[in-house]
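Q: File protein-v3.txt below, compact mmCIF, C-alpha atoms:
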```
# COMPACT_ATOMS: atom_id res chain seq x y z
CA MET S 547 -2.31 -1.82 -19.41
CA ASP S 548 -0.64 -3.44 -22.40
CA TRP S 549 2.80 -4.88 -21.63
CA PRO S 550 5.61 -5.70 -24.11
CA VAL S 551 6.37 -9.10 -22.56
CA VAL S 552 4.67 -11.76 -20.48
CA ALA S 553 6.15 -10.66 -17.15
CA ILE S 554 7.38 -14.04 -15.88
CA HIS S 555 10.35 -12.39 -14.13
CA THR S 556 9.77 -9.04 -12.38
CA HIS S 557 12.14 -6.80 -10.42
CA VAL S 558 12.12 -3.39 -8.73
CA LEU S 559 15.31 -1.49 -9.50
CA PRO S 560 17.08 0.97 -7.17
CA ASP S 561 15.82 3.88 -9.28
CA GLY S 562 12.19 2.75 -8.86
CA ARG S 563 11.76 1.31 -12.34
CA ILE S 564 10.33 -2.15 -12.92
CA LEU S 565 12.29 -4.61 -15.08
CA THR S 566 10.48 -7.59 -16.61
CA TRP S 567 11.03 -10.36 -19.12
CA GLY S 568 9.32 -13.50 -20.33
CA HIS S 569 10.01 -16.30 -22.79
CA SER S 570 9.89 -14.04 -25.86
CA ASN S 571 10.79 -10.44 -26.74
CA ASP S 572 13.53 -8.41 -25.08
CA PRO S 573 13.53 -7.58 -21.37
CA VAL S 574 11.95 -4.19 -20.75
CA ALA S 575 12.26 -1.57 -18.00
CA TRP S 576 9.26 0.62 -17.17
CA ASP S 577 9.35 3.93 -15.33
CA PRO S 578 6.13 4.35 -13.28
CA ALA S 579 6.79 8.11 -13.01
CA THR S 580 6.79 8.70 -16.76
CA GLY S 581 5.15 5.58 -18.21
CA VAL S 582 8.13 5.15 -20.53
CA PHE S 583 9.35 1.69 -21.56
CA GLN S 584 12.99 1.03 -22.35
CA ALA S 585 14.13 -2.16 -24.06
CA ALA S 586 17.07 -3.93 -22.41
CA PRO S 587 18.14 -6.60 -24.92
CA ASN S 588 20.06 -9.61 -23.67
CA PRO S 589 21.54 -12.13 -26.12
CA ILE S 590 21.15 -14.95 -23.58
CA ASP S 591 17.78 -16.61 -22.92
CA ILE S 592 17.45 -15.82 -19.19
CA PHE S 593 13.97 -17.30 -18.95
CA CYS S 594 13.77 -19.63 -15.92
CA GLY S 595 16.93 -18.25 -14.32
CA GLY S 596 17.34 -17.22 -10.71
CA HIS S 597 17.86 -13.60 -9.65
CA ALA S 598 18.39 -11.16 -6.81
CA LEU S 599 19.93 -7.73 -6.38
CA LEU S 600 23.55 -7.51 -5.30
CA SER S 601 24.56 -5.09 -2.57
CA ASP S 602 25.34 -2.33 -5.08
CA GLY S 603 21.96 -2.67 -6.83
CA THR S 604 23.18 -4.72 -9.78
CA LEU S 605 20.75 -7.48 -10.68
CA LEU S 606 22.49 -10.87 -10.92
CA VAL S 607 20.67 -13.46 -13.02
CA THR S 608 21.96 -17.01 -12.78
CA GLY S 609 21.26 -19.72 -15.33
CA GLY S 610 18.60 -19.60 -17.99
CA ASN S 611 17.01 -21.67 -20.68
CA ILE S 612 18.57 -24.09 -23.14
CA SER S 613 15.32 -26.03 -23.35
CA GLY S 614 12.79 -27.34 -20.86
CA ASP S 615 14.65 -28.66 -17.77
CA HIS S 616 18.04 -27.82 -19.28
CA GLY S 617 19.81 -24.83 -17.78
CA LEU S 618 22.55 -22.46 -18.88
CA PRO S 619 25.65 -21.91 -16.70
CA ASN S 620 25.68 -18.18 -17.48
CA ALA S 621 25.77 -15.29 -15.03
CA ASN S 622 24.17 -12.09 -16.37
CA LEU S 623 24.45 -8.71 -14.65
CA PHE S 624 22.04 -5.82 -15.26
CA ASP S 625 23.33 -2.34 -14.42
CA TYR S 626 20.31 -0.17 -13.64
CA LYS S 627 22.38 3.00 -14.09
CA THR S 628 23.11 2.26 -17.75
CA SER S 629 20.26 -0.22 -18.45
CA THR S 630 22.77 -2.62 -19.98
CA TRP S 631 23.72 -6.26 -19.47
CA THR S 632 27.19 -7.74 -19.08
CA GLN S 633 28.34 -11.34 -18.87
CA GLY S 634 30.07 -12.50 -15.71
CA PRO S 635 32.12 -15.66 -15.21
CA GLN S 636 30.06 -18.79 -15.78
CA MET S 637 29.04 -21.12 -13.00
CA SER S 638 30.47 -24.62 -12.86
CA HIS S 639 27.25 -26.08 -14.26
CA GLY S 640 23.94 -24.92 -15.68
CA ARG S 641 20.86 -23.99 -13.66
CA TRP S 642 17.22 -23.99 -14.69
CA TYR S 643 14.82 -22.86 -11.89
CA PRO S 644 17.45 -21.89 -9.27
CA THR S 645 17.05 -19.47 -6.35
CA ASN S 646 19.39 -16.55 -5.62
CA THR S 647 19.82 -15.35 -2.03
CA ALA S 648 21.73 -12.21 -1.01
CA LEU S 649 24.01 -13.01 1.95
CA PRO S 650 24.97 -10.80 4.93
CA ASN S 651 28.58 -10.44 3.73
CA GLY S 652 27.50 -9.11 0.31
CA GLU S 653 27.98 -12.42 -1.48
CA LEU S 654 25.12 -14.19 -3.22
CA LEU S 655 24.10 -17.83 -2.86
CA VAL S 656 22.66 -19.87 -5.74
CA THR S 657 20.86 -23.13 -4.98
CA SER S 658 19.10 -25.84 -6.97
CA GLY S 659 18.12 -25.90 -10.62
CA GLU S 660 18.77 -28.42 -13.39
CA ASP S 661 21.99 -28.46 -15.39
CA GLU S 662 22.80 -28.60 -19.09
CA ASN S 663 21.88 -32.30 -19.20
CA GLY S 664 18.53 -31.89 -17.45
CA LEU S 665 19.91 -33.36 -14.21
CA PRO S 666 19.54 -31.84 -10.72
CA ASN S 667 22.38 -29.49 -9.82
CA PRO S 668 23.03 -30.40 -6.17
CA ILE S 669 26.06 -28.19 -5.50
CA PRO S 670 25.26 -24.61 -4.35
CA GLU S 671 27.55 -21.88 -5.59
CA VAL S 672 28.40 -18.49 -4.12
CA TRP S 673 29.06 -15.33 -6.11
CA GLN S 674 31.98 -13.80 -4.24
CA LEU S 675 32.82 -10.14 -3.75
CA ASP S 676 35.57 -10.33 -6.38
CA GLY S 677 33.11 -11.56 -9.00
CA THR S 678 34.25 -15.19 -8.99
CA TRP S 679 32.34 -18.33 -8.02
CA ARG S 680 32.90 -20.67 -5.07
CA GLU S 681 31.30 -24.13 -5.06
CA LEU S 682 29.90 -25.45 -1.78
CA THR S 683 31.24 -28.93 -2.46
CA THR S 684 30.48 -30.25 1.05
CA ALA S 685 26.84 -29.11 0.78
CA ASN S 686 25.77 -31.58 -1.89
CA LYS S 687 21.97 -31.92 -1.85
CA SER S 688 19.36 -32.19 -4.61
CA MET S 689 16.38 -29.92 -3.99
CA GLY S 690 13.10 -28.93 -5.58
CA TYR S 691 12.80 -26.13 -8.11
CA TYR S 692 13.09 -22.51 -6.93
CA PRO S 693 13.57 -23.38 -3.25
CA TRP S 694 12.35 -20.90 -0.61
CA MET S 695 15.62 -19.67 0.90
CA PHE S 696 15.86 -17.00 3.62
CA VAL S 697 18.71 -15.49 5.65
CA ALA S 698 18.04 -16.20 9.35
CA PRO S 699 18.88 -13.73 12.16
CA ASP S 700 21.90 -15.87 13.11
CA GLY S 701 23.37 -15.54 9.60
CA ARG S 702 22.64 -19.04 8.37
CA VAL S 703 20.38 -19.65 5.37
CA PHE S 704 17.07 -21.39 6.06
CA TYR S 705 15.37 -23.59 3.48
CA ALA S 706 11.64 -23.18 4.16
CA GLY S 707 10.31 -25.44 1.42
CA TRP S 708 8.54 -26.25 -0.68
CA GLU S 709 9.42 -29.79 0.42
CA VAL S 710 8.37 -31.23 3.80
CA GLY S 711 11.74 -31.09 5.53
CA SER S 712 13.34 -27.75 6.36
CA LEU S 713 17.10 -27.32 6.32
CA TRP S 714 19.85 -24.99 7.51
CA LEU S 715 22.79 -24.06 5.29
CA ASP S 716 26.08 -22.59 6.42
CA PRO S 717 27.38 -20.98 3.18
CA SER S 718 30.86 -20.25 4.47
CA GLY S 719 33.86 -22.14 3.08
CA THR S 720 32.67 -25.19 1.17
CA GLY S 721 29.29 -25.21 2.95
CA ALA S 722 27.34 -27.52 5.24
CA TRP S 723 23.67 -28.54 5.55
CA THR S 724 22.00 -29.49 8.81
CA ASP S 725 18.49 -30.75 9.35
CA GLY S 726 15.76 -28.35 10.44
CA PRO S 727 12.16 -28.79 11.60
CA SER S 728 9.67 -30.54 9.34
CA HIS S 729 6.49 -28.88 8.20
CA LEU S 730 3.21 -29.94 9.74
CA ALA S 731 1.90 -30.61 6.25
CA THR S 732 3.01 -34.02 5.09
CA PHE S 733 2.94 -33.01 1.41
CA SER S 734 5.29 -30.86 -0.62
CA ARG S 735 3.85 -27.39 -1.20
CA ILE S 736 4.90 -27.27 -4.85
CA TYR S 737 4.10 -23.83 -6.30
CA GLY S 738 2.88 -22.51 -2.99
CA THR S 739 4.28 -19.17 -1.88
CA ALA S 740 6.47 -17.99 0.99
CA VAL S 741 7.50 -14.68 2.55
CA MET S 742 9.60 -13.45 5.50
CA TYR S 743 6.98 -11.09 6.92
CA ASP S 744 9.06 -9.88 9.88
CA ILE S 745 12.61 -10.36 11.11
CA GLY S 746 13.15 -14.13 11.16
CA LYS S 747 9.43 -14.90 10.73
CA ILE S 748 8.22 -16.82 7.68
CA LEU S 749 4.76 -17.55 6.28
CA VAL S 750 4.17 -20.34 3.74
CA ALA S 751 0.81 -20.71 2.06
CA GLY S 752 -1.03 -22.89 -0.46
CA GLY S 753 0.56 -24.97 -3.18
CA VAL S 754 0.16 -28.55 -4.46
CA ASP S 755 -1.27 -29.50 -7.85
CA ASN S 756 -3.89 -32.14 -7.05
CA PRO S 757 -5.69 -30.42 -5.49
CA PRO S 758 -4.34 -27.01 -4.38
CA VAL S 759 -4.69 -26.26 -0.65
CA ASP S 760 -5.63 -23.25 1.47
CA SER S 761 -3.49 -24.21 4.48
CA THR S 762 -0.70 -22.04 5.88
CA GLU S 763 2.17 -22.43 8.32
CA VAL S 764 4.46 -19.99 10.12
CA ILE S 765 7.81 -20.29 11.85
CA ASP S 766 9.86 -17.95 14.05
CA LEU S 767 13.59 -18.39 13.43
CA ASN S 768 14.35 -16.19 16.44
CA SER S 769 13.26 -19.03 18.73
CA PRO S 770 15.99 -21.22 20.27
CA LYS S 771 14.21 -24.23 18.78
CA PRO S 772 12.18 -23.06 15.77
CA ARG S 773 9.13 -25.14 14.93
CA TRP S 774 6.47 -24.84 12.24
CA ARG S 775 2.92 -24.25 13.44
CA SER S 776 -0.41 -23.92 11.66
CA SER S 777 -1.91 -20.52 11.01
CA ASN S 778 -5.38 -19.64 9.73
CA PRO S 779 -6.04 -21.00 6.24
CA MET S 780 -6.48 -18.68 3.29
CA LEU S 781 -10.03 -18.01 2.17
CA HIS S 782 -9.22 -19.73 -1.13
CA ALA S 783 -7.08 -22.71 -2.02
CA ARG S 784 -4.35 -21.56 -4.40
CA HIS S 785 -1.24 -22.62 -6.21
CA HIS S 786 0.84 -20.32 -8.44
CA ALA S 787 -0.16 -17.40 -6.20
CA VAL S 788 2.26 -14.66 -5.07
CA ALA S 789 2.87 -13.33 -1.54
CA THR S 790 3.95 -9.67 -1.34
CA SER S 791 5.10 -7.79 1.77
CA LEU S 792 3.29 -4.46 2.10
CA PRO S 793 4.64 -1.30 3.79
CA ASP S 794 2.50 -1.75 6.93
CA GLY S 795 3.68 -5.32 7.58
CA THR S 796 0.66 -7.10 6.15
CA VAL S 797 1.02 -9.68 3.38
CA LEU S 798 -0.93 -9.58 0.12
CA VAL S 799 -1.56 -12.82 -1.82
CA THR S 800 -2.63 -12.44 -5.43
CA GLY S 801 -3.56 -14.78 -8.25
CA GLY S 802 -3.35 -18.54 -8.50
CA SER S 803 -5.82 -21.31 -9.18
CA SER S 804 -7.86 -23.64 -7.00
CA SER S 805 -8.22 -26.24 -9.76
CA ALA S 806 -6.26 -29.47 -9.89
CA GLY S 807 -3.67 -29.65 -12.61
CA VAL S 808 -0.67 -27.53 -13.41
CA ASN S 809 -2.35 -24.53 -15.02
CA ASP S 810 -6.13 -24.89 -15.14
CA ALA S 811 -7.82 -21.50 -15.55
CA THR S 812 -11.27 -22.80 -14.64
CA GLY S 813 -10.39 -22.42 -10.98
CA ALA S 814 -8.62 -19.06 -11.26
CA VAL S 815 -8.86 -17.08 -8.03
CA LEU S 816 -9.53 -13.45 -8.92
CA ALA S 817 -9.82 -12.00 -5.42
CA PRO S 818 -6.60 -11.10 -3.56
CA GLU S 819 -6.31 -11.80 0.15
CA LEU S 820 -4.66 -9.75 2.88
CA TRP S 821 -3.03 -11.43 5.90
CA ASP S 822 -2.60 -9.54 9.14
CA PRO S 823 0.38 -10.97 11.08
CA GLY S 824 -1.01 -9.58 14.34
CA THR S 825 -4.26 -11.54 14.16
CA GLU S 826 -3.28 -14.06 11.44
CA VAL S 827 -6.69 -13.38 9.87
CA TRP S 828 -7.24 -13.25 6.10
CA LYS S 829 -9.44 -10.64 4.41
CA GLU S 830 -10.73 -10.81 0.84
CA LEU S 831 -10.15 -7.72 -1.31
CA ALA S 832 -11.29 -6.29 -4.65
CA PRO S 833 -11.05 -8.88 -7.46
CA THR S 834 -9.06 -8.50 -10.63
CA THR S 835 -10.56 -9.09 -14.06
CA VAL S 836 -7.49 -10.93 -15.36
CA LYS S 837 -6.58 -14.48 -14.41
CA ARG S 838 -3.04 -14.66 -13.05
CA LEU S 839 -1.86 -18.26 -12.87
CA TYR S 840 1.40 -20.01 -13.72
CA HIS S 841 4.17 -17.51 -14.58
CA SER S 842 2.41 -14.55 -12.96
CA THR S 843 4.29 -12.04 -10.80
CA ALA S 844 3.67 -9.28 -8.26
CA VAL S 845 6.00 -6.75 -6.60
CA LEU S 846 5.59 -3.78 -4.27
CA MET S 847 6.12 -0.40 -5.90
CA THR S 848 7.62 2.65 -4.20
CA ASP S 849 4.23 4.39 -4.03
CA GLY S 850 2.72 1.56 -1.96
CA ARG S 851 0.77 0.02 -4.82
CA VAL S 852 1.41 -3.49 -6.14
CA PHE S 853 2.43 -4.25 -9.72
CA VAL S 854 0.74 -7.47 -10.92
CA ALA S 855 1.45 -9.02 -14.30
CA GLY S 856 2.28 -12.12 -16.29
CA GLY S 857 0.62 -15.49 -16.66
CA GLY S 858 1.14 -17.61 -19.73
CA GLN S 859 3.94 -19.00 -21.91
CA PRO S 860 2.54 -21.61 -21.78
CA ALA S 861 -0.94 -20.16 -21.53
CA ALA S 862 -3.49 -21.63 -19.16
CA GLU S 863 -6.12 -23.95 -20.54
CA GLY S 864 -8.51 -21.87 -22.62
CA GLU S 865 -6.57 -18.68 -21.89
CA THR S 866 -4.03 -16.56 -23.77
CA ASP S 867 -0.60 -15.28 -22.82
CA ASN S 868 -0.96 -12.17 -20.68
CA PHE S 869 0.84 -9.37 -22.47
CA ASN S 870 -0.64 -7.00 -19.95
CA ALA S 871 -0.16 -5.69 -16.42
CA GLN S 872 -2.29 -4.22 -13.67
CA ILE S 873 -1.67 -2.13 -10.56
CA PHE S 874 -3.48 -2.93 -7.31
CA SER S 875 -4.18 -0.21 -4.73
CA PRO S 876 -4.43 -1.80 -1.26
CA PRO S 877 -7.07 -0.60 1.23
CA TYR S 878 -4.61 1.58 3.13
CA LEU S 879 -4.69 4.04 0.22
CA PHE S 880 -8.37 4.83 0.85
CA LYS S 881 -10.56 6.26 3.58
CA ILE S 882 -13.69 4.46 4.70
CA ASP S 883 -15.77 6.47 2.21
CA GLY S 884 -13.50 5.40 -0.63
CA SER S 885 -11.78 8.74 -1.10
CA PRO S 886 -7.96 8.83 -1.17
CA ALA S 887 -6.33 8.54 2.23
CA ASP S 888 -4.23 11.33 3.70
CA ARG S 889 -0.68 10.02 3.48
CA PRO S 890 2.42 11.04 5.42
CA GLN S 891 5.20 12.63 3.43
CA ILE S 892 8.94 12.09 3.39
CA THR S 893 10.67 15.33 2.45
CA ASP S 894 14.19 14.14 3.20
CA ALA S 895 16.01 10.91 4.06
CA PRO S 896 19.61 9.76 3.67
CA ALA S 897 20.50 7.84 0.53
CA GLU S 898 23.10 5.77 2.43
CA LEU S 899 22.75 4.15 5.84
CA ALA S 900 25.17 2.23 8.08
CA TYR S 901 24.05 -0.63 10.31
CA GLY S 902 22.74 0.48 13.69
CA ALA S 903 23.05 4.15 12.78
CA GLN S 904 20.46 6.72 13.77
CA PHE S 905 19.14 8.86 10.94
CA SER S 906 16.71 11.74 10.56
CA VAL S 907 13.66 11.59 8.32
CA GLY S 908 12.29 14.88 7.13
CA THR S 909 8.50 14.91 7.37
CA PRO S 910 5.78 17.40 8.29
CA ASP S 911 3.79 14.50 9.73
CA ALA S 912 6.07 13.22 12.50
CA ALA S 913 3.38 13.61 15.16
CA THR S 914 1.09 11.10 13.43
CA VAL S 915 3.70 8.51 12.36
CA THR S 916 3.17 5.11 14.01
CA GLN S 917 5.63 2.96 12.05
CA VAL S 918 8.90 3.38 10.18
CA ASN S 919 9.47 0.32 7.99
CA LEU S 920 11.83 -1.03 5.36
CA VAL S 921 10.93 -3.35 2.48
CA LYS S 922 13.76 -4.74 0.35
CA LEU S 923 13.36 -4.32 -3.39
CA GLY S 924 11.64 -7.32 -4.94
CA SER S 925 12.97 -9.82 -7.50
CA MET S 926 10.47 -12.57 -8.18
CA THR S 927 9.34 -15.40 -10.41
CA HIS S 928 7.43 -18.67 -10.12
CA ALA S 929 5.44 -17.79 -6.97
CA PHE S 930 8.49 -16.77 -4.91
CA ASN S 931 10.15 -13.40 -4.38
CA GLN S 932 13.86 -14.15 -4.02
CA SER S 933 14.70 -10.67 -2.71
CA GLN S 934 11.92 -8.99 -0.69
CA GLN S 935 12.16 -8.59 3.09
CA PHE S 936 10.22 -6.57 5.69
CA ILE S 937 11.90 -4.84 8.65
CA LYS S 938 10.25 -2.66 11.28
CA LEU S 939 12.55 0.06 12.66
CA SER S 940 12.58 1.70 16.07
CA PHE S 941 12.06 5.48 16.00
CA SER S 942 11.31 8.51 18.14
CA THR S 943 9.75 11.92 17.55
CA GLY S 944 10.90 15.15 19.12
CA PRO S 945 8.86 18.11 20.42
CA ASP S 946 10.17 20.11 17.47
CA GLY S 947 8.47 17.74 15.02
CA SER S 948 11.61 15.81 14.18
CA LEU S 949 11.67 12.07 13.52
CA THR S 950 14.72 9.93 14.23
CA ALA S 951 14.92 6.24 13.33
CA THR S 952 17.55 3.57 13.91
CA GLY S 953 18.79 1.39 11.06
CA PRO S 954 18.89 -2.43 11.20
CA GLN S 955 21.42 -3.62 13.75
CA ASN S 956 23.34 -5.95 11.48
CA ALA S 957 23.54 -7.53 8.04
CA ASN S 958 21.94 -10.79 9.18
CA ILE S 959 18.72 -8.84 9.70
CA ALA S 960 19.12 -6.77 6.54
CA PRO S 961 21.66 -8.02 3.98
CA PRO S 962 23.39 -5.07 2.30
CA GLY S 963 21.43 -3.57 -0.55
CA HIS S 964 18.59 -1.23 -1.44
CA TYR S 965 15.43 -0.91 0.64
CA MET S 966 12.25 1.16 0.43
CA LEU S 967 11.73 3.36 3.51
CA PHE S 968 8.06 3.92 4.38
CA LEU S 969 6.36 6.00 7.06
CA ILE S 970 2.97 4.72 8.27
CA ASP S 971 0.60 7.14 9.96
CA SER S 972 -2.14 6.69 12.53
CA ASN S 973 -4.79 5.88 9.90
CA GLY S 974 -2.60 3.14 8.44
CA ALA S 975 -1.65 4.91 5.23
CA PRO S 976 1.94 4.64 3.94
CA SER S 977 4.08 7.40 2.51
CA VAL S 978 5.64 7.19 -0.89
CA ALA S 979 8.94 5.44 -0.21
CA ARG S 980 12.48 6.73 -0.33
CA ILE S 981 14.99 4.15 -1.54
CA MET S 982 17.95 3.75 0.84
CA HIS S 983 21.21 1.89 0.37
CA ILE S 984 22.17 -0.02 3.51
CA ARG S 985 25.70 -1.31 3.94
```
I'd like the structure from this file rewritten - as structure tokens, please.
A:
Amino acid sequence: MDWPVVAIHTHVLPDGRILTWGHSNDPVAWDPATGVFQAAPNPIDIFCGGHALLSDGTLLVTGGNISGDHGLPNANLFDYKTSTWTQGPQMSHGRWYPTNTALPNGELLVTSGEDENGLPNPIPEVWQLDGTWRELTTANKSMGYYPWMFVAPDGRVFYAGWEVGSLWLDPSGTGAWTDGPSHLATFSRIYGTAVMYDIGKILVAGGVDNPPVDSTEVIDLNSPKPRWRSSNPMLHARHHAVATSLPDGTVLVTGGSSSAGVNDATGAVLAPELWDPGTEVWKELAPTTVKRLYHSTAVLMTDGRVFVAGGGQPAAEGETDNFNAQIFSPPYLFKIDGSPADRPQITDAPAELAYGAQFSVGTPDAATVTQVNLVKLGSMTHAFNQSQQFIKLSFSTGPDGSLTATGPQNANIAPPGHYMLFLIDSNGAPSVARIMHIR
């Protein structure tokens, strides 16, 4: 479909709409239910900022673009209820290519980026609950662009790359870094992709410009001594690809290029791949007709499909800017004969959920449900989703056809915010999600 912007930054909002922006034109919100676009003008150039959803569903965008490698110090907040932007207090220094990470206490961590002078910004900052900033002055460390940051089950923040050495960050007070395990790969996975595919479990894949690689690594942060280990390589070498958590716990990788160089379209990889965390085997899926390289994005929608868009600004060699979007329907939406799969239904679910609380899910399909899963709403750019997270819940079914599930035990496992609740049935098909607010 035609799209008003090159979707370099893409987000799923708590009302199910998709918000995107690029390096030109106003940000735009799209409602998948109606197909209606709504412009959301912002006077600040938020291209190349960092972003994640706060616990109340407000999107916080940090930094932005003065010029290449020069970042704004601004903090912009998007209220999905009114579709309007407001300006928050500025950070101490600018950030261009930072990462935002929602913390268990409801605060938000901002790491990396380049400042107003085009210099690395080594001091992380934390957006506090009162809307002010706190610098982590004792956690001074220069890092690569858009670092892969994840909240670990013990509450610390884990830096998973893309550089060789992993790190732990304690974001309390003025902060402290400690060394973590090194990757098996001896090269930096620049513009690879990373995802926490289960509680405390991370997959990193691909990356590197010359040439891109197909190798992958996984780590389990639940282990007393976490270590990276090799997993099966992807079927295609890729950089600038995107990893997306799906409702059934598998991981979809879309887009990217296998050619050397920053943005060479001659090696565009059109076929997505699906990774099964149980077997760690990759499967090739139906190819796209549009090349999605540098500045492409992908996020999971509430209906279980995947929104894929962007690529361009600058355009790839011999290609144009992609003012278009596509929607991918994963295999779980189809029966073997290609007809639509029978999907479980959610007729009722609570809008709010407390940690560790049991809750009832209304469904006529309780007897066939095999999984009850949460996926945090996505907020992604530059090959990394700064917000998504997958959590499998425990549940039971009663003889009366009832279904009762138990929410995440604590905020380390699921930082407060909005999550998509999916039911998976015995044939692997997901329901349409209900969005729940966990706090």
Q: Within 6 Å of (-0.9, -9.4, -22.1), all atoms listed in the file: residues as a PyMOL selection string?
A: chain S and resi 548-549+867-870
Q: The selected residues should be written to file as a tab-separated table (two decimals), in the frame of the given file (atoms: C-alpha atoms).
A:
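Below you can see out_32.tsv, which holds the result:
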```
chain	number	residue	atom	x	y	z
S	548	ASP	CA	-0.64	-3.44	-22.40
S	549	TRP	CA	2.80	-4.88	-21.63
S	867	ASP	CA	-0.60	-15.28	-22.82
S	868	ASN	CA	-0.96	-12.17	-20.68
S	869	PHE	CA	0.84	-9.37	-22.47
S	870	ASN	CA	-0.64	-7.00	-19.95
```
Q: Near Gly603 of chain S, within 10 Å and counting only C-alpha atoms, which residues show up once chain neighbours fewer than 5 positions away are dropped, as a list in words?
A: Leu559, Pro560, Asp561, Ala598, Phe624, Asp625, Tyr626, Lys627, Leu923, Pro962, Gly963, His964 and His983 of chain S
Q: What does the distance from atom CA of Gln891 of chain S to atom CA of Val852 of chain S come to in Å, to one decimal?
A: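 About the pair atom CA of Gln891 of chain S and atom CA of Val852 of chain S: they are 19.1 Å apart.
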Q: Counting all atoms listed in the file, figure out which residue out of S:Thr825, S:Ser940, S:Ser601, S:Ser769 gets nearest to Tyr965 of chain S.
A: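 Selected residue with least distance to Tyr965 of chain S: S:Ser601.
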Q: Nearest to Ile984 of chain S among S:Ala895, S:Ala900, S:Met689, S:Val918, with distances taken over all atoms listed in the file: which residue is it?
A: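 Smallest separation from Ile984 of chain S among the options: S:Ala900.
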Q: Which protein, DNA or RNA residues have an atom at most 8 Å from (19.6, -30.0, -4.9), counting all atoms listed in the file? List them as a PyMOL selection string.
A: chain S and resi 657-659+666-670+686-690
Q: Write out as a PyMOL selection string which residues come within 7 Å of Gly634 of chain S when counting only C-alpha atoms, dropping same-chain ones fewer than 6 positions away.
A: chain S and resi 621-623
Q: Since we have the selection now, will you write its residues out, keeping C-alpha atoms, as a PDB file, in the coordinates of the input?
A:
```pdb
ATOM      1  CA  ALA S 621      25.770 -15.290 -15.030  1.00  0.00           C
ATOM      2  CA  ASN S 622      24.170 -12.090 -16.370  1.00  0.00           C
ATOM      3  CA  LEU S 623      24.450  -8.710 -14.650  1.00  0.00           C
TER       4      LEU S 623
END
```
Q: Residues near Phe853 of chain S, anyone? I mean within 8 Å using all atoms listed in the file, not counting same-chain ones fewer than 4 positions away, as a ChimeraX atom specification.
A: /S:844-847,871-874
Q: What would the file look like if the residues just selected were written as a tab-separated table (two decimals), in the coordinates of the input with C-alpha atoms?
A:
```
chain	number	residue	atom	x	y	z
S	844	ALA	CA	3.67	-9.28	-8.26
S	845	VAL	CA	6.00	-6.75	-6.60
S	846	LEU	CA	5.59	-3.78	-4.27
S	847	MET	CA	6.12	-0.40	-5.90
S	871	ALA	CA	-0.16	-5.69	-16.42
S	872	GLN	CA	-2.29	-4.22	-13.67
S	873	ILE	CA	-1.67	-2.13	-10.56
S	874	PHE	CA	-3.48	-2.93	-7.31
```
Q: Using Å and a single decimal, report how far atom CA of His785 of chain S sits from atom CA of Gly864 of chain S.
A: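 For atom CA of Gly864 of chain S relative to atom CA of His785 of chain S, the distance reads 18.0 Å.
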Q: Give me the residues within 12 Å of Val582 of chain S as a ChimeraX atom specification, counting only C-alpha atoms and dropping any in the same chain fewer than 2 places off.
A: /S:549-550,563-565,574-580,584-585
Q: Please compute the atom CA of Ala832 of chain S-atom CA of Ile892 of chain S distance, one decimal, in Å.
A: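 Atom CA of Ala832 of chain S sits 28.5 Å away from atom CA of Ile892 of chain S.
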Q: Rank nothing, just name the residue among S:Gly944, S:Gly677, S:Pro896, S:Pro770 nearest to Asp700 of chain S, using all atoms listed in the file.
A: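 The closest residue to Asp700 of chain S is S:Pro770.
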Q: Using all atoms listed in the file, which residues sit within 9 Å of Ala789 of chain S once same-chain residues fewer than 2 positions away are excluded, as a list in words?
A: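 Returned residues: Thr739, Ala740, Val741, Val750, Ala751, Ala787, Ser791, Val797, Leu798, Val799, Thr800, Ala844, Val845, Ala929, Phe930 and Asn931 of chain S.
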